[in-house]
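J.: Dumping the structure here so I can ask a few things about it.
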Amino acid sequence: MANRLGLPLRHTIPILAVASVYPNLPSTTSVACAIDSALRLPRKPKNRASWYRTPRRLVLGVGAIFWTQFMSMSGGTIGKSLQASARQKGSIEQVLKNVEWPEQFPFKEEDFQRFDESSDTLFYESPRFVTHIDDPAIAALTKYYSEVFPPSSSPGVAILDMCSSWVSHFPAGYKQDRIVGTGMNEEELKRNPVLTEFVVQDLNVDPKLPFEDNSFDVITNVVSVDYLTKPLDVFKEMRRVLKPGGLAIISFSNRCFWTKAISIWTSTADADHVMIVGSYFHYAGGFEPPQAVDISPNPGRSDPMYIVYSRKFAAA
């Protein structure tokens with residue numbers, strides 16, 4: 001049975017006046033990006049900081065509404081079983097199986113709006129020498145890289161770490177002649193020990209990657225895809241700079257700078273995020289059907305970690 005976009009996107013009642021509800025929440029706080037679809041009024045905790053895990057904003061355009069309705073039409077046991085078991089390890093892998101994609105990209109400009117539309121350059125002006133997922137999630141990502149990366153010091157291999165920072169979570173001691181990072185903060189990129197070169201670039205202003213066609217064997221992007229306001233342009237550029245057969249690995253969790261994450265991301269849940277990223281690959285064109293992997297090390301006890309990956313079609 002074909003999966004008509006997998007499962008219904010799970011929306012919540014919009015929370016628009018976040019600034020007044022959470023007046024002490026700094027815009028740089030990394031919080032959980034998704035909560036259950038059922039409306040639950042939180043009890044006041046002893047530790048006020050724990051309130052910061054659920055602020056949300058919902059600004060959905062016509063595209064997201066269409067996307068929801070389209071998937072809801074599928075009904076059937078696949079969508080229902082996925083929705084019921086969205087947090088069970090193994091269900092994520094099924095989200096992108098046999099998807100019947102709409103003919104046109106179903107999202108609209110409004111779906112890529114953000115709570116904070118101020119300059120990203122200003123937001124990332126100060127370096128943050130911190131990690132944005134917990135240690136078990138980092139270890140799971142590093143282990144995954146060790147299984148899929150070309151062997152260290154392979155002749156002619158080049159890797160692009162897109163939206164990089166001071167750490168790339170590559171395996172310890174991993175080297176290639178060329179490992180390039182693009183990111184928003186020069187000080188962070190300078191500190192990254194695996195990079196052989198870097199470019200400071202705001203992909204939301206200029207999504208064109210400053211590299212020749214067919215330059216890279218692998219592209220990685222870690223917990224950053226949710227900030228892209230022009231994702232199709234970026235994924236088309238990824239396709240252009242990948243070598244034929246090259247691998248693109250997009251990893252994400254449920255944590256983010258919620259004021260800078262796009263609306264369609266903060267208003268949906270983990271399995272939906274897999275579908276959203278899969279759609280970027282599909283509608284960018286030139287990629288094999290995307291696949292999903294759940295590498296969450298301790299479901300329900302530590303940060304979840306998901307991979308959506310694809311390869312550029314090999315030259316005929």
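By order in the structure tokens, chains are A, B, ...; within a chain, residues start at 1; ligands start at 1, following the order shown.
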Any idea what's packed within 6 Å of Val241 of chain A, counting only C-alpha atoms, ignoring anything in its chain fewer than 6 positions away? Could you give it as a list of chain:residue names?
T.: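 Selected residues are A:Asp213, A:Asn214, A:Ser215.
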J.: Can you tell me, as a ChimeraX atom specification, which residues in segment 223-302 of chain A count as alpha helix (DSSP H) by DSSP?
T.: /A:231-241,263-266,270-284
J.: With a distance cut-off of 12 Å and only C-alpha atoms, select the neighbouring residues of Tyr174 of chain A, excluding the residue or stretch itself and same-chain residues fewer than 4 positions from it, and output the selection as a ChimeraX atom specification.
T.: /A:142,145-146,149-154,159,168-170,178-179,193-196
J.: Quick check, in Å to one decimal: how far apart do atom CA of Glu109 of chain A and atom CA of Pro231 of chain A lie?
T.: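 Going from atom CA of Glu109 of chain A over to atom CA of Pro231 of chain A, I get 11.1 Å.
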J.: Mind giving me the straight-line distance from atom CA of Asp116 of chain A to atom CA of Phe235 of chain A in Å, one decimal?
T.: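 Between these atoms lies a distance of 23.3 Å.
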J.: Compare A:Asp134, A:Asp272, A:Glu147, A:Asp161 by their minimum atom-to-atom distance to Arg255 of chain A, counting only C-alpha atoms, and give me the closest one.
T.: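 Using only C-alpha atoms, Arg255 of chain A sits closest to A:Asp134.
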J.: How far is it from atom CA of Arg191 of chain A to atom CA of Asp120 of chain A, in Å with one decimal?
T.: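 Computed distance, atom CA of Arg191 of chain A to atom CA of Asp120 of chain A, equals 20.4 Å.
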J.: Just checking: using only C-alpha atoms, which residue out of A:Lys208, A:Lys260, A:Lys243, A:Lys108 ends up closest to Leu228 of chain A?
T.: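 Under the stated criterion, the closest residue is A:Lys260.
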J.: Could you pull out the strand (DSSP E) residues of segment 106-256 of chain A from DSSP and send them as a PyMOL selection string?
T.: chain A and resi 158-164+178-183+197-200+216-222+242-252+255-256
J.: Find, counting only C-alpha atoms, the residue in A:Ser267, A:Met305, A:Asn204, A:Gln104 that gets nearest to Ser118 of chain A.
T.: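 Checking each candidate against Ser118 of chain A, we get A:Asn204 as the closest.
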J.: Select, from A:Glu103, A:Glu212, A:Glu237, A:Glu93, the residue with the minimum atom-to-atom distance to Met162 of chain A, counting only C-alpha atoms.
T.: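 The closest residue to Met162 of chain A is A:Glu237.
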J.: Let me make sure I understand: among A:Arg128, A:Pro171, A:Asp270, A:Glu188, which one has the smallest atom-to-atom distance to Ala140 of chain A if we use only C-alpha atoms?
T.: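 Closest to Ala140 of chain A, using only C-alpha atoms: A:Pro171.
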J.: Pick the closest to Ser91 of chain A from A:Ser302, A:Ser296, A:Ser279, A:Asn221: which is it, counting only C-alpha atoms?
T.: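 Ranked by minimum distance to Ser91 of chain A, first place goes to A:Ser296.
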J.: What's around Leu232 of chain A at 12 Å? Count only C-alpha atoms, leave out sequence neighbours fewer than 4 positions away in its own chain, and write the answer as a ChimeraX atom specification.
T.: /A:105-109,112,203-204,207-208,225,228,236-239,276-285
